[in-house]
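Listing of query_3.cif, mmCIF, N, CA, C and O atoms
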data_start
#
loop_
_atom_site.label_atom_id
_atom_site.label_comp_id
_atom_site.auth_asym_id
_atom_site.auth_seq_id
_atom_site.Cartn_x
_atom_site.Cartn_y
_atom_site.Cartn_z
N MET A 1 115.37 225.23 150.64
CA MET A 1 115.19 225.34 152.08
C MET A 1 115.15 226.82 152.47
O MET A 1 115.99 227.61 152.05
N ASP A 2 114.17 227.20 153.27
CA ASP A 2 114.05 228.59 153.70
C ASP A 2 115.05 228.90 154.81
O ASP A 2 115.39 228.06 155.63
N SER A 3 115.49 230.16 154.78
CA SER A 3 116.48 230.64 155.72
C SER A 3 116.13 232.08 156.07
O SER A 3 115.37 232.73 155.35
N GLY A 4 116.69 232.58 157.14
CA GLY A 4 116.47 233.97 157.50
C GLY A 4 117.71 234.53 158.16
O GLY A 4 118.45 233.81 158.83
N ALA A 5 117.95 235.82 157.97
CA ALA A 5 119.12 236.46 158.58
C ALA A 5 118.83 237.91 158.89
O ALA A 5 118.01 238.56 158.23
N ARG A 6 119.49 238.40 159.91
CA ARG A 6 119.48 239.82 160.26
C ARG A 6 120.89 240.33 160.00
O ARG A 6 121.87 239.76 160.50
N PHE A 7 120.98 241.38 159.20
CA PHE A 7 122.27 241.98 158.87
C PHE A 7 122.33 243.39 159.45
O PHE A 7 121.35 244.12 159.40
N LEU A 8 123.49 243.75 159.97
CA LEU A 8 123.76 245.11 160.41
C LEU A 8 124.93 245.61 159.57
O LEU A 8 126.04 245.07 159.66
N VAL A 9 124.66 246.62 158.75
CA VAL A 9 125.64 247.10 157.78
C VAL A 9 126.13 248.48 158.24
O VAL A 9 125.33 249.39 158.47
N SER A 10 127.44 248.62 158.38
CA SER A 10 128.00 249.90 158.81
C SER A 10 128.93 250.47 157.75
O SER A 10 129.43 249.76 156.89
N GLY A 11 129.14 251.76 157.85
CA GLY A 11 129.95 252.50 156.89
C GLY A 11 129.15 253.70 156.41
O GLY A 11 128.30 254.21 157.13
N LYS A 12 129.40 254.13 155.19
CA LYS A 12 128.60 255.20 154.59
C LYS A 12 127.43 254.52 153.88
O LYS A 12 127.49 254.22 152.69
N VAL A 13 126.37 254.24 154.66
CA VAL A 13 125.26 253.45 154.13
C VAL A 13 123.91 254.16 154.27
O VAL A 13 122.88 253.58 153.91
N GLN A 14 123.92 255.37 154.79
CA GLN A 14 122.68 256.15 154.84
C GLN A 14 122.84 257.35 153.92
O GLN A 14 123.90 257.95 153.83
N GLY A 15 121.77 257.67 153.19
CA GLY A 15 121.80 258.79 152.26
C GLY A 15 122.47 258.48 150.94
O GLY A 15 122.84 259.38 150.19
N VAL A 16 122.65 257.19 150.63
CA VAL A 16 123.31 256.78 149.38
C VAL A 16 122.49 255.74 148.62
O VAL A 16 123.02 254.97 147.83
N CYS A 17 121.18 255.71 148.87
CA CYS A 17 120.25 254.77 148.21
C CYS A 17 120.53 253.31 148.57
O CYS A 17 120.22 252.40 147.79
N PHE A 18 121.11 253.09 149.75
CA PHE A 18 121.43 251.73 150.16
C PHE A 18 120.17 250.88 150.33
O PHE A 18 120.09 249.76 149.83
N ARG A 19 119.18 251.43 151.04
CA ARG A 19 117.95 250.65 151.30
C ARG A 19 117.21 250.34 150.00
O ARG A 19 116.71 249.24 149.82
N ALA A 20 117.15 251.33 149.10
CA ALA A 20 116.45 251.10 147.82
C ALA A 20 117.18 250.04 146.99
O ALA A 20 116.55 249.16 146.40
N GLY A 21 118.50 250.12 146.95
CA GLY A 21 119.27 249.10 146.23
C GLY A 21 119.11 247.73 146.85
O GLY A 21 118.99 246.72 146.15
N CYS A 22 119.07 247.69 148.17
CA CYS A 22 118.87 246.43 148.89
C CYS A 22 117.51 245.84 148.55
O CYS A 22 117.39 244.65 148.27
N ARG A 23 116.48 246.68 148.56
CA ARG A 23 115.13 246.21 148.21
C ARG A 23 115.11 245.65 146.79
O ARG A 23 114.56 244.57 146.55
N ASP A 24 115.73 246.35 145.84
CA ASP A 24 115.75 245.87 144.46
C ASP A 24 116.43 244.51 144.37
O ASP A 24 115.95 243.60 143.69
N GLN A 25 117.56 244.36 145.04
CA GLN A 25 118.28 243.09 145.04
C GLN A 25 117.43 241.99 145.67
O GLN A 25 117.31 240.89 145.13
N ALA A 26 116.85 242.29 146.83
CA ALA A 26 116.07 241.29 147.55
C ALA A 26 114.85 240.84 146.75
O ALA A 26 114.55 239.65 146.69
N LEU A 27 114.14 241.79 146.14
CA LEU A 27 112.97 241.43 145.34
C LEU A 27 113.38 240.57 144.15
O LEU A 27 112.69 239.61 143.82
N GLY A 28 114.50 240.90 143.53
CA GLY A 28 115.00 240.11 142.41
C GLY A 28 115.37 238.70 142.81
O GLY A 28 115.31 237.77 142.00
N LEU A 29 115.73 238.54 144.08
CA LEU A 29 116.10 237.22 144.60
C LEU A 29 114.91 236.48 145.21
O LEU A 29 115.05 235.35 145.67
N GLY A 30 113.75 237.12 145.24
CA GLY A 30 112.56 236.49 145.79
C GLY A 30 112.51 236.46 147.30
O GLY A 30 111.86 235.59 147.90
N LEU A 31 113.19 237.40 147.95
CA LEU A 31 113.23 237.43 149.41
C LEU A 31 112.12 238.29 150.00
O LEU A 31 111.62 239.20 149.35
N ARG A 32 111.79 238.01 151.24
CA ARG A 32 110.87 238.82 152.03
C ARG A 32 111.69 239.51 153.11
O ARG A 32 112.71 238.98 153.55
N GLY A 33 111.22 240.67 153.56
CA GLY A 33 111.91 241.32 154.67
C GLY A 33 111.83 242.81 154.61
O GLY A 33 110.89 243.39 154.05
N LEU A 34 112.84 243.46 155.18
CA LEU A 34 112.86 244.91 155.21
C LEU A 34 114.28 245.42 155.40
O LEU A 34 115.17 244.71 155.86
N ALA A 35 114.45 246.68 155.02
CA ALA A 35 115.71 247.40 155.26
C ALA A 35 115.34 248.71 155.92
O ALA A 35 114.40 249.39 155.48
N ARG A 36 116.04 249.06 157.00
CA ARG A 36 115.74 250.32 157.68
C ARG A 36 117.01 250.95 158.23
O ARG A 36 117.96 250.24 158.60
N ASN A 37 116.99 252.28 158.29
CA ASN A 37 118.08 253.02 158.90
C ASN A 37 117.98 252.90 160.41
O ASN A 37 116.88 252.91 160.98
N LEU A 38 119.13 252.81 161.07
CA LEU A 38 119.19 252.82 162.52
C LEU A 38 119.74 254.17 162.98
O LEU A 38 120.51 254.81 162.25
N PRO A 39 119.38 254.59 164.18
CA PRO A 39 119.84 255.90 164.68
C PRO A 39 121.37 256.02 164.76
O PRO A 39 121.90 257.13 164.70
N ASP A 40 122.08 254.90 164.86
CA ASP A 40 123.54 254.95 164.99
C ASP A 40 124.26 255.03 163.64
O ASP A 40 125.49 254.95 163.58
N GLY A 41 123.50 255.15 162.54
CA GLY A 41 124.12 255.29 161.21
C GLY A 41 124.21 254.00 160.42
O GLY A 41 124.58 254.02 159.25
N ARG A 42 123.88 252.88 161.04
CA ARG A 42 123.91 251.61 160.32
C ARG A 42 122.58 251.38 159.62
O ARG A 42 121.59 252.08 159.86
N VAL A 43 122.56 250.38 158.74
CA VAL A 43 121.33 249.91 158.13
C VAL A 43 121.09 248.49 158.62
O VAL A 43 122.01 247.66 158.62
N GLU A 44 119.87 248.22 159.06
CA GLU A 44 119.47 246.89 159.47
C GLU A 44 118.67 246.26 158.34
O GLU A 44 117.78 246.90 157.78
N VAL A 45 119.01 245.02 158.01
CA VAL A 45 118.30 244.29 156.96
C VAL A 45 117.83 242.96 157.54
O VAL A 45 118.63 242.20 158.09
N LEU A 46 116.52 242.71 157.44
CA LEU A 46 115.95 241.42 157.81
C LEU A 46 115.54 240.76 156.51
O LEU A 46 114.83 241.36 155.70
N ALA A 47 116.01 239.55 156.27
CA ALA A 47 115.72 238.86 155.01
C ALA A 47 115.37 237.41 155.26
O ALA A 47 116.02 236.74 156.06
N ALA A 48 114.35 236.94 154.54
CA ALA A 48 113.93 235.53 154.66
C ALA A 48 113.58 235.00 153.28
O ALA A 48 113.04 235.72 152.44
N GLY A 49 113.92 233.74 153.05
CA GLY A 49 113.64 233.09 151.78
C GLY A 49 114.59 231.93 151.59
O GLY A 49 115.12 231.37 152.56
N ARG A 50 114.83 231.56 150.34
CA ARG A 50 115.75 230.46 150.04
C ARG A 50 117.15 230.78 150.58
O ARG A 50 117.62 231.92 150.44
N ALA A 51 117.80 229.81 151.15
CA ALA A 51 119.13 230.02 151.74
C ALA A 51 120.10 230.59 150.72
O ALA A 51 120.90 231.49 151.04
N GLU A 52 120.05 230.10 149.47
CA GLU A 52 120.97 230.60 148.43
C GLU A 52 120.70 232.08 148.14
O GLU A 52 121.63 232.85 147.87
N ALA A 53 119.44 232.49 148.20
CA ALA A 53 119.08 233.88 147.94
C ALA A 53 119.54 234.78 149.08
O ALA A 53 120.04 235.89 148.84
N VAL A 54 119.40 234.31 150.32
CA VAL A 54 119.88 235.09 151.47
C VAL A 54 121.40 235.25 151.37
O VAL A 54 121.94 236.34 151.62
N ASP A 55 122.10 234.21 150.98
CA ASP A 55 123.55 234.28 150.81
C ASP A 55 123.93 235.25 149.70
O ASP A 55 124.91 236.00 149.82
N ALA A 56 123.16 235.26 148.61
CA ALA A 56 123.43 236.19 147.51
C ALA A 56 123.23 237.63 147.97
O ALA A 56 124.02 238.52 147.63
N LEU A 57 122.18 237.88 148.77
CA LEU A 57 121.97 239.23 149.30
C LEU A 57 123.12 239.61 150.22
O LEU A 57 123.60 240.75 150.18
N ALA A 58 123.60 238.67 151.02
CA ALA A 58 124.72 238.95 151.92
C ALA A 58 125.95 239.39 151.13
O ALA A 58 126.65 240.32 151.54
N ARG A 59 126.19 238.77 149.99
CA ARG A 59 127.33 239.18 149.15
C ARG A 59 127.13 240.60 148.64
O ARG A 59 128.06 241.40 148.62
N TRP A 60 125.90 240.93 148.20
CA TRP A 60 125.62 242.28 147.71
C TRP A 60 125.79 243.31 148.82
O TRP A 60 126.33 244.39 148.59
N LEU A 61 125.37 242.98 150.04
CA LEU A 61 125.47 243.92 151.15
C LEU A 61 126.91 244.32 151.43
O LEU A 61 127.17 245.42 151.91
N ARG A 62 127.85 243.46 151.15
CA ARG A 62 129.26 243.78 151.41
C ARG A 62 129.80 244.84 150.47
O ARG A 62 130.82 245.47 150.75
N GLN A 63 129.09 245.08 149.38
CA GLN A 63 129.50 246.11 148.42
C GLN A 63 128.51 247.28 148.42
O GLN A 63 128.90 248.43 148.46
N GLY A 64 127.22 246.97 148.31
CA GLY A 64 126.19 247.99 148.29
C GLY A 64 126.14 248.72 146.96
O GLY A 64 126.81 248.34 145.99
N PRO A 65 125.35 249.80 146.91
CA PRO A 65 125.24 250.58 145.68
C PRO A 65 126.50 251.43 145.45
O PRO A 65 127.34 251.55 146.34
N PRO A 66 126.62 252.03 144.27
CA PRO A 66 127.85 252.75 143.91
C PRO A 66 128.31 253.83 144.89
O PRO A 66 129.51 254.00 145.10
N LEU A 67 127.40 254.58 145.49
CA LEU A 67 127.79 255.68 146.37
C LEU A 67 128.09 255.25 147.81
O LEU A 67 128.57 256.04 148.61
N ALA A 68 127.83 254.00 148.13
CA ALA A 68 128.04 253.51 149.49
C ALA A 68 129.49 253.11 149.73
O ALA A 68 130.24 252.83 148.79
N ARG A 69 129.86 253.11 151.01
CA ARG A 69 131.14 252.54 151.45
C ARG A 69 130.81 251.62 152.62
O ARG A 69 130.42 252.08 153.69
N VAL A 70 130.91 250.33 152.41
CA VAL A 70 130.58 249.36 153.45
C VAL A 70 131.84 249.01 154.22
O VAL A 70 132.83 248.56 153.65
N ASP A 71 131.81 249.26 155.53
CA ASP A 71 132.94 248.94 156.39
C ASP A 71 132.80 247.56 157.03
O ASP A 71 133.78 246.87 157.25
N ASP A 72 131.56 247.18 157.36
CA ASP A 72 131.36 245.91 158.05
C ASP A 72 129.93 245.43 157.84
O ASP A 72 129.00 246.25 157.72
N VAL A 73 129.76 244.12 157.78
CA VAL A 73 128.44 243.51 157.72
C VAL A 73 128.40 242.41 158.78
O VAL A 73 129.16 241.45 158.70
N GLU A 74 127.55 242.60 159.79
CA GLU A 74 127.34 241.56 160.80
C GLU A 74 126.15 240.73 160.35
O GLU A 74 125.15 241.27 159.89
N ARG A 75 126.26 239.42 160.49
CA ARG A 75 125.15 238.53 160.14
C ARG A 75 124.75 237.72 161.35
O ARG A 75 125.60 237.13 162.02
N HIS A 76 123.45 237.71 161.63
CA HIS A 76 122.90 236.97 162.75
C HIS A 76 121.71 236.16 162.26
O HIS A 76 121.06 236.54 161.28
N ALA A 77 121.41 235.09 162.96
CA ALA A 77 120.20 234.32 162.64
C ALA A 77 118.99 235.19 162.93
O ALA A 77 118.98 235.96 163.88
N LEU A 78 117.99 235.05 162.11
CA LEU A 78 116.73 235.76 162.31
C LEU A 78 115.93 234.96 163.32
O LEU A 78 115.64 233.79 163.10
N ASP A 79 115.59 235.59 164.46
CA ASP A 79 114.84 234.84 165.47
C ASP A 79 113.41 235.34 165.58
O ASP A 79 113.05 236.39 165.06
N ALA A 80 112.59 234.58 166.25
CA ALA A 80 111.16 234.87 166.35
C ALA A 80 110.89 236.22 167.00
O ALA A 80 109.91 236.88 166.69
N ALA A 81 111.77 236.68 167.89
CA ALA A 81 111.56 237.96 168.57
C ALA A 81 111.61 239.13 167.59
O ALA A 81 111.02 240.17 167.84
N GLN A 82 112.30 238.96 166.47
CA GLN A 82 112.40 240.02 165.48
C GLN A 82 111.21 239.99 164.53
O GLN A 82 111.08 240.86 163.68
N GLY A 83 110.36 239.01 164.66
CA GLY A 83 109.20 238.92 163.81
C GLY A 83 109.53 238.27 162.48
O GLY A 83 110.68 238.13 162.09
N THR A 84 108.50 237.85 161.80
CA THR A 84 108.66 237.23 160.49
C THR A 84 108.52 238.32 159.43
O THR A 84 107.55 239.06 159.47
N PRO A 85 109.48 238.44 158.53
CA PRO A 85 109.32 239.42 157.46
C PRO A 85 108.02 239.19 156.72
O PRO A 85 107.52 238.08 156.64
N GLY A 86 107.43 240.26 156.20
CA GLY A 86 106.14 240.20 155.53
C GLY A 86 106.15 239.38 154.26
O GLY A 86 106.99 238.52 154.06
N LYS A 87 105.21 239.69 153.38
CA LYS A 87 105.05 238.92 152.14
C LYS A 87 105.94 239.42 151.03
O LYS A 87 106.04 238.78 149.98
N ASP A 88 106.57 240.57 151.22
CA ASP A 88 107.47 241.12 150.21
C ASP A 88 108.66 241.76 150.91
O ASP A 88 108.87 241.52 152.09
N PHE A 89 109.42 242.56 150.21
CA PHE A 89 110.55 243.23 150.82
C PHE A 89 110.28 244.72 150.77
O PHE A 89 109.94 245.26 149.72
N ARG A 90 110.41 245.38 151.91
CA ARG A 90 110.06 246.80 151.97
C ARG A 90 111.12 247.62 152.65
O ARG A 90 112.01 247.07 153.32
N ILE A 91 111.01 248.91 152.47
CA ILE A 91 111.88 249.87 153.16
C ILE A 91 111.08 250.42 154.33
O ILE A 91 109.93 250.84 154.16
N ALA A 92 111.67 250.39 155.51
CA ALA A 92 110.98 250.92 156.69
C ALA A 92 111.63 252.22 157.12
O ALA A 92 112.73 252.53 156.75
#

Show this structure as C-alpha cells.
Amino acid sequence: MDSGARFLVSGKVQGVCFRAGCRDQALGLGLRGLARNLPDGRVEVLAAGRAEAVDALARWLRQGPPLARVDDVERHALDAAQGTPGKDFRIA
C-alpha cells in the first residue's frame, strides 16, 4: 500500500551530508520524493512509496548520517497541496 509523509528534521542537520544520506536511504527503499534545507535550519523531507519503506526512512531520519545530531523529527501526512513527489528521490 502506498503512503506519503512530510518530515521536518531539526538539530545539526545542515552541512553534514544529511540530504545526501537521506536520498541514498530513500532510493534504496524505493521511495520517491525530495529532501531540502529550510531557511530556519531544518531539513524538510517529502517521501512517498510503500508504507513500510516510509516507516523505515522515518527510523533513519531519527539518527541521520554520522556527523548529524537529530533533535526532533515531526511527521505529517503528505497532502495534495505539497504536490506529488516525482519519479525518483532528489535533493532540492

Can you turn the PyMOL selection byres (((chain A and resi 33 and name CA) around 9) and name CA) into a concrete residue list for this file, as a short mmCIF file (atom, residue, chain, number, x, y, z; two decimals) with N, CA, C and O atoms, keeping the file's coordinate frame?
data_model
loop_
_atom_site.label_atom_id
_atom_site.label_comp_id
_atom_site.auth_asym_id
_atom_site.auth_seq_id
_atom_site.Cartn_x
_atom_site.Cartn_y
_atom_site.Cartn_z
N ARG A 23 116.48 246.68 148.56
CA ARG A 23 115.13 246.21 148.21
C ARG A 23 115.11 245.65 146.79
O ARG A 23 114.56 244.57 146.55
N ALA A 26 116.85 242.29 146.83
CA ALA A 26 116.07 241.29 147.55
C ALA A 26 114.85 240.84 146.75
O ALA A 26 114.55 239.65 146.69
N LEU A 31 113.19 237.40 147.95
CA LEU A 31 113.23 237.43 149.41
C LEU A 31 112.12 238.29 150.00
O LEU A 31 111.62 239.20 149.35
N ARG A 32 111.79 238.01 151.24
CA ARG A 32 110.87 238.82 152.03
C ARG A 32 111.69 239.51 153.11
O ARG A 32 112.71 238.98 153.55
N LEU A 34 112.84 243.46 155.18
CA LEU A 34 112.86 244.91 155.21
C LEU A 34 114.28 245.42 155.40
O LEU A 34 115.17 244.71 155.86
N ALA A 35 114.45 246.68 155.02
CA ALA A 35 115.71 247.40 155.26
C ALA A 35 115.34 248.71 155.92
O ALA A 35 114.40 249.39 155.48
N VAL A 45 119.01 245.02 158.01
CA VAL A 45 118.30 244.29 156.96
C VAL A 45 117.83 242.96 157.54
O VAL A 45 118.63 242.20 158.09
N LEU A 46 116.52 242.71 157.44
CA LEU A 46 115.95 241.42 157.81
C LEU A 46 115.54 240.76 156.51
O LEU A 46 114.83 241.36 155.70
N ALA A 47 116.01 239.55 156.27
CA ALA A 47 115.72 238.86 155.01
C ALA A 47 115.37 237.41 155.26
O ALA A 47 116.02 236.74 156.06
N ALA A 48 114.35 236.94 154.54
CA ALA A 48 113.93 235.53 154.66
C ALA A 48 113.58 235.00 153.28
O ALA A 48 113.04 235.72 152.44
N GLY A 49 113.92 233.74 153.05
CA GLY A 49 113.64 233.09 151.78
C GLY A 49 114.59 231.93 151.59
O GLY A 49 115.12 231.37 152.56
N THR A 84 108.50 237.85 161.80
CA THR A 84 108.66 237.23 160.49
C THR A 84 108.52 238.32 159.43
O THR A 84 107.55 239.06 159.47
N PRO A 85 109.48 238.44 158.53
CA PRO A 85 109.32 239.42 157.46
C PRO A 85 108.02 239.19 156.72
O PRO A 85 107.52 238.08 156.64
N GLY A 86 107.43 240.26 156.20
CA GLY A 86 106.14 240.20 155.53
C GLY A 86 106.15 239.38 154.26
O GLY A 86 106.99 238.52 154.06
N LYS A 87 105.21 239.69 153.38
CA LYS A 87 105.05 238.92 152.14
C LYS A 87 105.94 239.42 151.03
O LYS A 87 106.04 238.78 149.98
N ASP A 88 106.57 240.57 151.22
CA ASP A 88 107.47 241.12 150.21
C ASP A 88 108.66 241.76 150.91
O ASP A 88 108.87 241.52 152.09
N PHE A 89 109.42 242.56 150.21
CA PHE A 89 110.55 243.23 150.82
C PHE A 89 110.28 244.72 150.77
O PHE A 89 109.94 245.26 149.72
N ARG A 90 110.41 245.38 151.91
CA ARG A 90 110.06 246.80 151.97
C ARG A 90 111.12 247.62 152.65
O ARG A 90 112.01 247.07 153.32
N ILE A 91 111.01 248.91 152.47
CA ILE A 91 111.88 249.87 153.16
C ILE A 91 111.08 250.42 154.33
O ILE A 91 109.93 250.84 154.16
#

Point to revise | Counting only C-alpha atoms, the option among A:His76, A:Cys22, A:Gly15, A:Leu29 closest to Arg62 of chain A | key: A:Cys22

Check your understanding: How far is it from atom C of Gly41 of chain A to atom N of Leu57 of chain A, in Å with one decimal?
Key ->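 Rounded to one decimal, the two atoms are 20.0 Å apart.
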
Practice item. Starting from the displayed file, determine the output of the PyMOL selection byres ((chain A and resi 9) around 4.5) and express the residue list as an MDAnalysis selection string. Key: chainID A and resid 7:8 10:11 42:43 72

Practice item. Given the file shown, determine the residues that the PyMOL selection byres ((chain A and resi 65) around 7) selects; report them as a PyMOL selection string. Key: chain A and resi 12+16-18+21-22+60-61+63-64+66-69

Practice item. Give the strand (DSSP E) residues of chain A, as assigned by DSSP on the backbone, as a ChimeraX atom specification. Key: /A:2-12,32-37,43-50,69-77,89-91

Let me have the centre and edge lengths of the axis-aligned box enclosing all listed atoms of segment 10-15 of chain A with 5 Å padding on every side, in Å to one decimal, as lines of an AutoDock Vina configuration file.
center_x = 125.9
center_y = 254.0
center_z = 154.5
size_x = 18.2
size_y = 20.8
size_z = 18.6

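Closest approach to Asn37 of chain A from the set A:Ala5, A:Gln14, A:Asp24, A:Val54 is made by A:Gln14, with distances taken over only C-alpha atoms.
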
Practice item. Report the distance between atom O of Ala51 of chain A and atom CA of Arg19 of chain A in Å, rounded to one decimal place. Key: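 The value is 19.4 Å.
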
Review point. What is the distance between atom CA of Asp40 of chain A and atom CA of Arg75 of chain A, in Å to one decimal?
Key: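 Calculated distance between atom CA of Asp40 of chain A and atom CA of Arg75 of chain A is 17.2 Å.
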
Point to revise | Using all atoms listed in the file: which of A:Ala58, A:Ala53, A:Ala92, A:Val70 has the shortest distance to Gly28 of chain A | key: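 Ranking A:Ala58, A:Ala53, A:Ala92, A:Val70 by distance to Gly28 of chain A, first place goes to A:Ala53.
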
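In this comparison, which uses only N, CA, C and O atoms, the residue of A:Ala56, A:Glu44, A:Val73, A:Arg50 approaching Gly4 of chain A most closely is A:Arg50.
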
Review point. Which residues in chain A does DSSP call alpha helix (DSSP H)? List them as number ranges by chain.
Key: A: 18-28, 51-61

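Of the residues under consideration (A:Pro39, A:Val13, A:Ala20, A:Gly30), A:Gly30 shows the shortest atom-to-atom contact distance to Glu52 of chain A when counting only C-alpha atoms.
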